[in-house]
Amino acid sequence: MLPQVSSLNGGGVGQVVTLLLGMNNVAAGIITGEEADEVFYGVVQSSARNLIDEDNSADVLQTVKVLCTDGLAREVNVDKSLNFPTGWLVEVRVSPEGESVEKINQRSVSGTVNENATALGDRALADDVQILDTSTGGVAGTVRPSRLSGVNLKASDVRYYTTNPQGQIDKLILNDVTGDLWHYGVLDDVKNVATNYSTLLSAIKAQPGDGTIDTDAVVSQVKSILVPTTTEILWGVISGDILSTAWERLTSNTGALLGLGFQQIAKITGTPFSQIFDFIGSGATYIGYVSGQQVSLSTSIKYPVLAGGIAVCQETTGAVRNMVQLMPMKIDKVGAASVLSSKGERFEMDDDTQVYLWYKGQYYYTKLTSVNSDDYYLTGWYDNFGCAAGKKVRIIVAVKKD
């Protein structure tokens, strides 16, 4: 279900009318007059200026779209001279005379959400608490309290909160706490990597600089960062040849390549040094599957993803903001809502965990009920990039043991 939309007649002109749209964009209700006298809190998802022409008079109208803690996306007309960047926290103040949008400053709270999800630290959560997880790119989604059960929230995890007259937290805006705002899938291929990789190695070997550089060492460092093929990587994970510590090193961040460039800046001159940065900055096209559908993402820089499960952070426009590798682990047993790793660790599964059968270099979208740990090698891929309520299995890749 898409977020409901409230269209507010902006600029404080005339009566405020809030139209609530339900499923299939069918009007679910209308709020007018004093009933609309309220303050809403949320994150800016978009801001657009458009030409209007009324009574032969041209002007520019700015509309800001805000996703609020109650799950409604409200569009408000504001002063065309103001700026409301995507990702800003704002309050939408609505009254019978009109409405306004204003930026709000961060207000943090920290503590552990209890098992019943009725309190955050020593502060009670209201029975009707509204929780919104957000990204700085404007992506946001509502969160049920139970999703945060047992989660320790640092001050940096909370962007804003309000309390009711009883002192209970009634609105809570989070900073990418759940990991659910990311898109998850499997990486099938990366274009524009192999050619640049070969060119880079050839350039380093062909131009030893002032004679003091150890070209073999540089080539070795590059090879330690760039791993060959999807097939080799996946089999390495399944066989255990690629351990989690090695995987973390290989996929830590693009800074590994940058670090290599800076290490050699005093020794490499001309072509090799520039090509190291060209390799990073020339971008790539990532091809994979999300919920069984093939997707292609072209980016302006390269991201440290190699194979298997990946997470993609996008802006509300669809542009890629970040891309990271998920962490692999071998699954020993599968339960109703969790899996047990070969090391005896228990991992919760995401509600929308995707399952793929991998056969001869091809991913086939399937169901968890169609695979098992007796007849298949199962590899779980979980988010391990810092979300307080993350570390859930987002992808399972099955390989038949025969």
# chains A, B, ... in the order shown; residues from 1 in each chain; ligands from 1
>>> residues_around(residues="Ala337 of chain A", least_positions_apart="4", cutoff="9 Å", atoms="only C-alpha atoms", output="list in words")
Phe347, Glu348, Met349, Asp350 and Asp351 of chain A
>>> write_last_selection(atoms="N, CA, C and O atoms", output="PDB file, in the first residue's frame")
ATOM      1  N   PHE A 347      20.404 -16.053  13.508  1.00  0.00           N
ATOM      2  CA  PHE A 347      20.136 -14.808  12.806  1.00  0.00           C
ATOM      3  C   PHE A 347      18.656 -14.744  12.451  1.00  0.00           C
ATOM      4  O   PHE A 347      18.096 -15.708  11.925  1.00  0.00           O
ATOM      5  N   GLU A 348      18.038 -13.622  12.748  1.00  0.00           N
ATOM      6  CA  GLU A 348      16.647 -13.427  12.346  1.00  0.00           C
ATOM      7  C   GLU A 348      16.566 -13.183  10.846  1.00  0.00           C
ATOM      8  O   GLU A 348      17.451 -12.550  10.263  1.00  0.00           O
ATOM      9  N   MET A 349      15.510 -13.672  10.236  1.00  0.00           N
ATOM     10  CA  MET A 349      15.277 -13.419   8.819  1.00  0.00           C
ATOM     11  C   MET A 349      14.394 -12.185   8.658  1.00  0.00           C
ATOM     12  O   MET A 349      13.495 -11.935   9.480  1.00  0.00           O
ATOM     13  N   ASP A 350      14.637 -11.440   7.614  1.00  0.00           N
ATOM     14  CA  ASP A 350      13.771 -10.325   7.272  1.00  0.00           C
ATOM     15  C   ASP A 350      12.414 -10.868   6.847  1.00  0.00           C
ATOM     16  O   ASP A 350      12.309 -12.005   6.354  1.00  0.00           O
ATOM     17  N   ASP A 351      11.373 -10.079   7.044  1.00  0.00           N
ATOM     18  CA  ASP A 351      10.038 -10.505   6.619  1.00  0.00           C
ATOM     19  C   ASP A 351       9.989 -10.765   5.119  1.00  0.00           C
ATOM     20  O   ASP A 351       9.176 -11.568   4.649  1.00  0.00           O
TER      21      ASP A 351
END
>>> select_by_dssp(residues="segment 38-187 of chain A", states="strand (DSSP E)", output="ChimeraX atom specification")
/A:38-54,57-68,72-78,89-95,98-103,111-112,119-120,123-134,140-142,152-153,158-163,169-175,183-187
>>> write_last_selection(atoms="C-alpha atoms", output="compact mmCIF listing (two decimals), in the first residue's frame")
# COMPACT_ATOMS: atom_id res chain seq x y z
CA GLU A 38 -2.47 20.18 14.12
CA VAL A 39 1.32 19.84 13.82
CA PHE A 40 2.92 16.97 11.93
CA TYR A 41 6.59 15.92 11.90
CA GLY A 42 8.47 14.22 9.12
CA VAL A 43 11.19 14.23 6.47
CA VAL A 44 11.30 16.12 3.17
CA GLN A 45 11.06 13.68 0.27
CA SER A 46 11.01 16.17 -2.56
CA SER A 47 10.73 19.86 -3.34
CA ALA A 48 9.78 21.22 -6.74
CA ARG A 49 9.17 24.60 -8.31
CA ASN A 50 6.76 24.77 -11.24
CA LEU A 51 5.37 27.50 -13.44
CA ILE A 52 1.75 28.47 -12.85
CA ASP A 53 -0.28 30.70 -15.10
CA GLU A 54 -3.52 32.05 -13.67
CA SER A 57 -0.25 36.09 -14.78
CA ALA A 58 2.79 33.79 -14.69
CA ASP A 59 4.49 32.88 -11.43
CA VAL A 60 6.42 30.05 -9.78
CA LEU A 61 4.88 27.75 -7.18
CA GLN A 62 7.00 25.60 -4.87
CA THR A 63 5.58 22.36 -3.48
CA VAL A 64 7.26 20.36 -0.71
CA LYS A 65 6.38 16.72 -0.12
CA VAL A 66 6.84 15.52 3.47
CA LEU A 67 6.42 11.95 4.73
CA CYS A 68 5.14 12.28 8.30
CA LEU A 72 0.87 10.23 5.41
CA ALA A 73 2.78 11.99 2.65
CA ARG A 74 1.71 15.64 2.75
CA GLU A 75 2.26 18.07 -0.12
CA VAL A 76 2.40 21.70 0.96
CA ASN A 77 2.74 24.83 -1.17
CA VAL A 78 5.40 27.11 0.34
CA LEU A 89 13.48 17.14 9.18
CA VAL A 90 10.52 19.52 9.23
CA GLU A 91 7.25 20.24 10.93
CA VAL A 92 4.07 20.80 8.97
CA ARG A 93 1.82 23.16 10.90
CA VAL A 94 -1.81 23.18 9.76
CA SER A 95 -4.53 25.57 10.93
CA GLY A 98 -3.34 27.99 6.29
CA GLU A 99 -0.24 25.86 6.69
CA SER A 100 3.51 26.20 6.94
CA VAL A 101 6.63 24.06 6.76
CA GLU A 102 9.61 24.77 9.00
CA LYS A 103 12.89 23.00 9.62
CA GLY A 111 18.56 3.82 25.58
CA THR A 112 17.43 0.26 25.01
CA ALA A 119 9.72 1.97 26.76
CA LEU A 120 12.93 3.46 25.40
CA ARG A 123 11.06 6.89 28.93
CA ALA A 124 7.71 5.21 28.28
CA LEU A 125 6.42 4.88 24.74
CA ALA A 126 2.84 6.01 24.22
CA ASP A 127 0.33 3.34 23.24
CA ASP A 128 -0.20 5.15 19.94
CA VAL A 129 3.47 6.04 19.38
CA GLN A 130 4.34 6.89 15.78
CA ILE A 131 7.81 5.78 14.61
CA LEU A 132 9.43 6.79 11.33
CA ASP A 133 12.77 5.49 10.07
CA THR A 134 14.50 7.91 7.69
CA ALA A 140 11.43 6.95 4.94
CA GLY A 141 9.03 4.37 6.27
CA THR A 142 6.90 3.78 9.34
CA ASN A 152 19.94 -0.34 21.86
CA LEU A 153 19.53 3.11 20.33
CA VAL A 158 17.41 9.22 16.96
CA ARG A 159 16.88 12.35 14.88
CA TYR A 160 13.84 13.72 16.70
CA TYR A 161 11.17 12.86 19.24
CA THR A 162 8.20 14.48 20.96
CA THR A 163 6.33 13.66 24.14
CA ILE A 169 7.31 9.48 23.67
CA ASP A 170 4.53 9.77 21.10
CA LYS A 171 6.59 10.50 17.96
CA LEU A 172 10.01 9.11 17.17
CA ILE A 173 12.07 9.79 14.03
CA LEU A 174 15.03 7.45 13.53
CA ASN A 175 18.26 7.65 11.53
CA HIS A 183 16.99 -2.37 -1.34
CA TYR A 184 18.40 -5.91 -1.24
CA GLY A 185 19.24 -8.28 -4.05
CA VAL A 186 21.91 -10.48 -5.62
CA LEU A 187 24.70 -9.19 -7.81
>>> residues_around(residues="segment 372-379 of chain A", least_positions_apart="5", cutoff="7 Å", atoms="only C-alpha atoms", output="ChimeraX atom specification")
/A:238,328-333,396-401
>>> write_last_selection(atoms="C-alpha atoms", output="mmCIF file, in the first residue's frame")
data_model
loop_
_atom_site.group_PDB
_atom_site.id
_atom_site.type_symbol
_atom_site.label_atom_id
_atom_site.label_comp_id
_atom_site.auth_asym_id
_atom_site.auth_seq_id
_atom_site.Cartn_x
_atom_site.Cartn_y
_atom_site.Cartn_z
ATOM 1 C CA ILE A 238 30.185 -22.171 0.076
ATOM 2 C CA PRO A 328 27.834 -14.205 4.028
ATOM 3 C CA MET A 329 27.438 -17.100 6.443
ATOM 4 C CA LYS A 330 26.779 -20.793 5.957
ATOM 5 C CA ILE A 331 23.323 -21.855 7.140
ATOM 6 C CA ASP A 332 23.024 -25.096 9.100
ATOM 7 C CA LYS A 333 19.321 -25.029 9.974
ATOM 8 C CA ILE A 396 19.474 -16.800 0.919
ATOM 9 C CA VAL A 397 21.325 -18.459 -1.970
ATOM 10 C CA ALA A 398 20.835 -22.215 -2.408
ATOM 11 C CA VAL A 399 23.126 -24.541 -4.371
ATOM 12 C CA LYS A 400 22.011 -28.147 -4.879
ATOM 13 C CA LYS A 401 24.522 -30.574 -3.387
#
>>> atom_distance(atom1="atom CA of Tyr356 of chain A", atom2="atom CA of Val324 of chain A")
19.2 Å
>>> residues_around(residues="Thr178 of chain A", least_positions_apart="2", cutoff="8 Å", atoms="only C-alpha atoms", output="number ranges by chain")
A: 133, 176, 180-181, 387-390
>>> write_last_selection(atoms="N, CA and C atoms", output="PDB file, in the first residue's frame")
ATOM      1  N   ASP A 133      11.348   5.651  10.372  1.00  0.00           N
ATOM      2  CA  ASP A 133      12.774   5.488  10.068  1.00  0.00           C
ATOM      3  C   ASP A 133      13.073   6.289   8.817  1.00  0.00           C
ATOM      4  N   ASP A 176      18.039   5.777   9.984  1.00  0.00           N
ATOM      5  CA  ASP A 176      18.428   4.532   9.309  1.00  0.00           C
ATOM      6  C   ASP A 176      18.753   3.439  10.322  1.00  0.00           C
ATOM      7  N   ASP A 180      15.752  -1.379   6.820  1.00  0.00           N
ATOM      8  CA  ASP A 180      14.657  -1.729   5.910  1.00  0.00           C
ATOM      9  C   ASP A 180      14.462  -0.715   4.790  1.00  0.00           C
ATOM     10  N   LEU A 181      15.144   0.437   4.877  1.00  0.00           N
ATOM     11  CA  LEU A 181      15.021   1.448   3.829  1.00  0.00           C
ATOM     12  C   LEU A 181      15.909   1.133   2.637  1.00  0.00           C
ATOM     13  N   CYS A 387      23.401  -0.677  11.071  1.00  0.00           N
ATOM     14  CA  CYS A 387      22.041  -0.343  11.509  1.00  0.00           C
ATOM     15  C   CYS A 387      21.751  -1.036  12.837  1.00  0.00           C
ATOM     16  N   ALA A 388      21.296  -0.261  13.817  1.00  0.00           N
ATOM     17  CA  ALA A 388      21.106  -0.790  15.172  1.00  0.00           C
ATOM     18  C   ALA A 388      20.132  -1.960  15.214  1.00  0.00           C
ATOM     19  N   ALA A 389      19.097  -1.912  14.383  1.00  0.00           N
ATOM     20  CA  ALA A 389      18.106  -2.989  14.357  1.00  0.00           C
ATOM     21  C   ALA A 389      18.247  -3.828  13.093  1.00  0.00           C
ATOM     22  N   GLY A 390      19.447  -3.846  12.539  1.00  0.00           N
ATOM     23  CA  GLY A 390      19.705  -4.612  11.324  1.00  0.00           C
ATOM     24  C   GLY A 390      20.215  -6.009  11.638  1.00  0.00           C
TER      25      GLY A 390
END
>>> closest_residue(among="A:Asp37, A:Asp122, A:Gly292, A:Tyr363", to="Pro96 of chain A", atoms="only C-alpha atoms")
A:Asp37
>>> atom_distance(atom1="atom CA of Asp189 of chain A", atom2="atom CA of Ala307 of chain A")
7.9 Å
>>> atom_distance(atom1="atom CA of Gly309 of chain A", atom2="atom CA of Gln325 of chain A")
6.5 Å
>>> decode(residues="segment 375-389 of chain A", atoms="all heavy atoms", output="compact mmCIF listing (two decimals), in the first residue's frame")
# COMPACT_ATOMS: atom_id res chain seq x y z
N ASP A 375 19.60 -31.02 1.42
CA ASP A 375 19.84 -31.25 -0.01
C ASP A 375 20.54 -30.08 -0.70
O ASP A 375 20.93 -30.20 -1.86
CB ASP A 375 18.51 -31.53 -0.72
CG ASP A 375 17.79 -32.72 -0.13
OD1 ASP A 375 18.47 -33.73 0.18
OD2 ASP A 375 16.56 -32.65 0.06
N TYR A 376 20.67 -28.95 0.00
CA TYR A 376 21.26 -27.76 -0.61
C TYR A 376 22.31 -27.15 0.32
O TYR A 376 22.19 -27.22 1.54
CB TYR A 376 20.18 -26.71 -0.90
CG TYR A 376 19.12 -27.14 -1.87
CD1 TYR A 376 18.03 -27.90 -1.43
CD2 TYR A 376 19.17 -26.80 -3.21
CE1 TYR A 376 17.03 -28.30 -2.31
CE2 TYR A 376 18.18 -27.19 -4.11
CZ TYR A 376 17.12 -27.94 -3.65
OH TYR A 376 16.14 -28.35 -4.51
N TYR A 377 23.33 -26.56 -0.29
CA TYR A 377 24.20 -25.66 0.45
C TYR A 377 23.45 -24.32 0.54
O TYR A 377 23.08 -23.75 -0.49
CB TYR A 377 25.53 -25.43 -0.27
CG TYR A 377 26.38 -26.67 -0.43
CD1 TYR A 377 26.51 -27.27 -1.69
CD2 TYR A 377 27.07 -27.21 0.64
CE1 TYR A 377 27.31 -28.38 -1.86
CE2 TYR A 377 27.87 -28.33 0.48
CZ TYR A 377 27.98 -28.93 -0.77
OH TYR A 377 28.78 -30.03 -0.94
N LEU A 378 23.23 -23.85 1.74
CA LEU A 378 22.51 -22.59 1.92
C LEU A 378 23.46 -21.53 2.47
O LEU A 378 24.11 -21.73 3.49
CB LEU A 378 21.33 -22.77 2.88
CG LEU A 378 20.25 -23.78 2.48
CD1 LEU A 378 19.15 -23.83 3.53
CD2 LEU A 378 19.65 -23.43 1.11
N THR A 379 23.52 -20.41 1.78
CA THR A 379 24.32 -19.28 2.23
C THR A 379 23.41 -18.10 2.52
O THR A 379 22.65 -17.67 1.65
CB THR A 379 25.36 -18.85 1.16
OG1 THR A 379 26.19 -19.98 0.84
CG2 THR A 379 26.23 -17.72 1.69
N GLY A 380 23.45 -17.63 3.74
CA GLY A 380 22.66 -16.46 4.12
C GLY A 380 23.51 -15.21 4.00
O GLY A 380 24.69 -15.22 4.31
N TRP A 381 22.90 -14.13 3.54
CA TRP A 381 23.60 -12.85 3.40
C TRP A 381 22.86 -11.84 4.27
O TRP A 381 21.67 -11.59 4.05
CB TRP A 381 23.61 -12.40 1.93
CG TRP A 381 24.30 -13.38 1.02
CD1 TRP A 381 23.77 -14.52 0.49
CD2 TRP A 381 25.63 -13.29 0.52
NE1 TRP A 381 24.69 -15.14 -0.30
CE2 TRP A 381 25.85 -14.42 -0.31
CE3 TRP A 381 26.68 -12.37 0.69
CZ2 TRP A 381 27.05 -14.66 -0.94
CZ3 TRP A 381 27.88 -12.60 0.04
CH2 TRP A 381 28.06 -13.73 -0.76
N TYR A 382 23.55 -11.28 5.26
CA TYR A 382 22.89 -10.39 6.20
C TYR A 382 23.53 -9.01 6.20
O TYR A 382 24.71 -8.85 5.86
CB TYR A 382 22.88 -10.97 7.61
CG TYR A 382 24.24 -11.20 8.23
CD1 TYR A 382 24.83 -10.25 9.06
CD2 TYR A 382 24.94 -12.39 8.00
CE1 TYR A 382 26.07 -10.47 9.65
CE2 TYR A 382 26.19 -12.61 8.58
CZ TYR A 382 26.74 -11.66 9.40
OH TYR A 382 27.98 -11.87 9.95
N ASP A 383 22.74 -7.99 6.55
CA ASP A 383 23.24 -6.62 6.59
C ASP A 383 24.06 -6.43 7.86
O ASP A 383 23.58 -6.69 8.95
CB ASP A 383 22.10 -5.60 6.51
CG ASP A 383 21.07 -5.76 7.61
OD1 ASP A 383 20.51 -6.87 7.75
OD2 ASP A 383 20.81 -4.78 8.33
N ASN A 384 25.28 -5.98 7.69
CA ASN A 384 26.20 -5.82 8.81
C ASN A 384 26.91 -4.48 8.70
O ASN A 384 28.10 -4.38 9.01
CB ASN A 384 27.21 -6.97 8.83
CG ASN A 384 27.96 -7.06 10.14
OD1 ASN A 384 27.38 -6.86 11.20
ND2 ASN A 384 29.25 -7.36 10.08
N PHE A 385 26.17 -3.45 8.23
CA PHE A 385 26.82 -2.17 7.98
C PHE A 385 26.41 -1.09 8.97
O PHE A 385 26.48 0.10 8.69
CB PHE A 385 26.58 -1.69 6.55
CG PHE A 385 25.17 -1.84 6.04
CD1 PHE A 385 24.20 -0.90 6.33
CD2 PHE A 385 24.83 -2.93 5.26
CE1 PHE A 385 22.91 -1.04 5.86
CE2 PHE A 385 23.53 -3.08 4.78
CZ PHE A 385 22.57 -2.13 5.08
N GLY A 386 25.97 -1.49 10.17
CA GLY A 386 25.84 -0.52 11.24
C GLY A 386 24.44 -0.15 11.70
O GLY A 386 24.30 0.63 12.63
N CYS A 387 23.40 -0.68 11.07
CA CYS A 387 22.04 -0.34 11.51
C CYS A 387 21.75 -1.04 12.84
O CYS A 387 21.92 -2.25 12.97
CB CYS A 387 21.02 -0.78 10.46
SG CYS A 387 21.19 0.08 8.88
N ALA A 388 21.30 -0.26 13.82
CA ALA A 388 21.11 -0.79 15.17
C ALA A 388 20.13 -1.96 15.21
O ALA A 388 20.30 -2.90 16.00
CB ALA A 388 20.63 0.33 16.10
N ALA A 389 19.10 -1.91 14.38
CA ALA A 389 18.11 -2.99 14.36
C ALA A 389 18.25 -3.83 13.09
O ALA A 389 17.29 -4.44 12.63
CB ALA A 389 16.69 -2.41 14.46
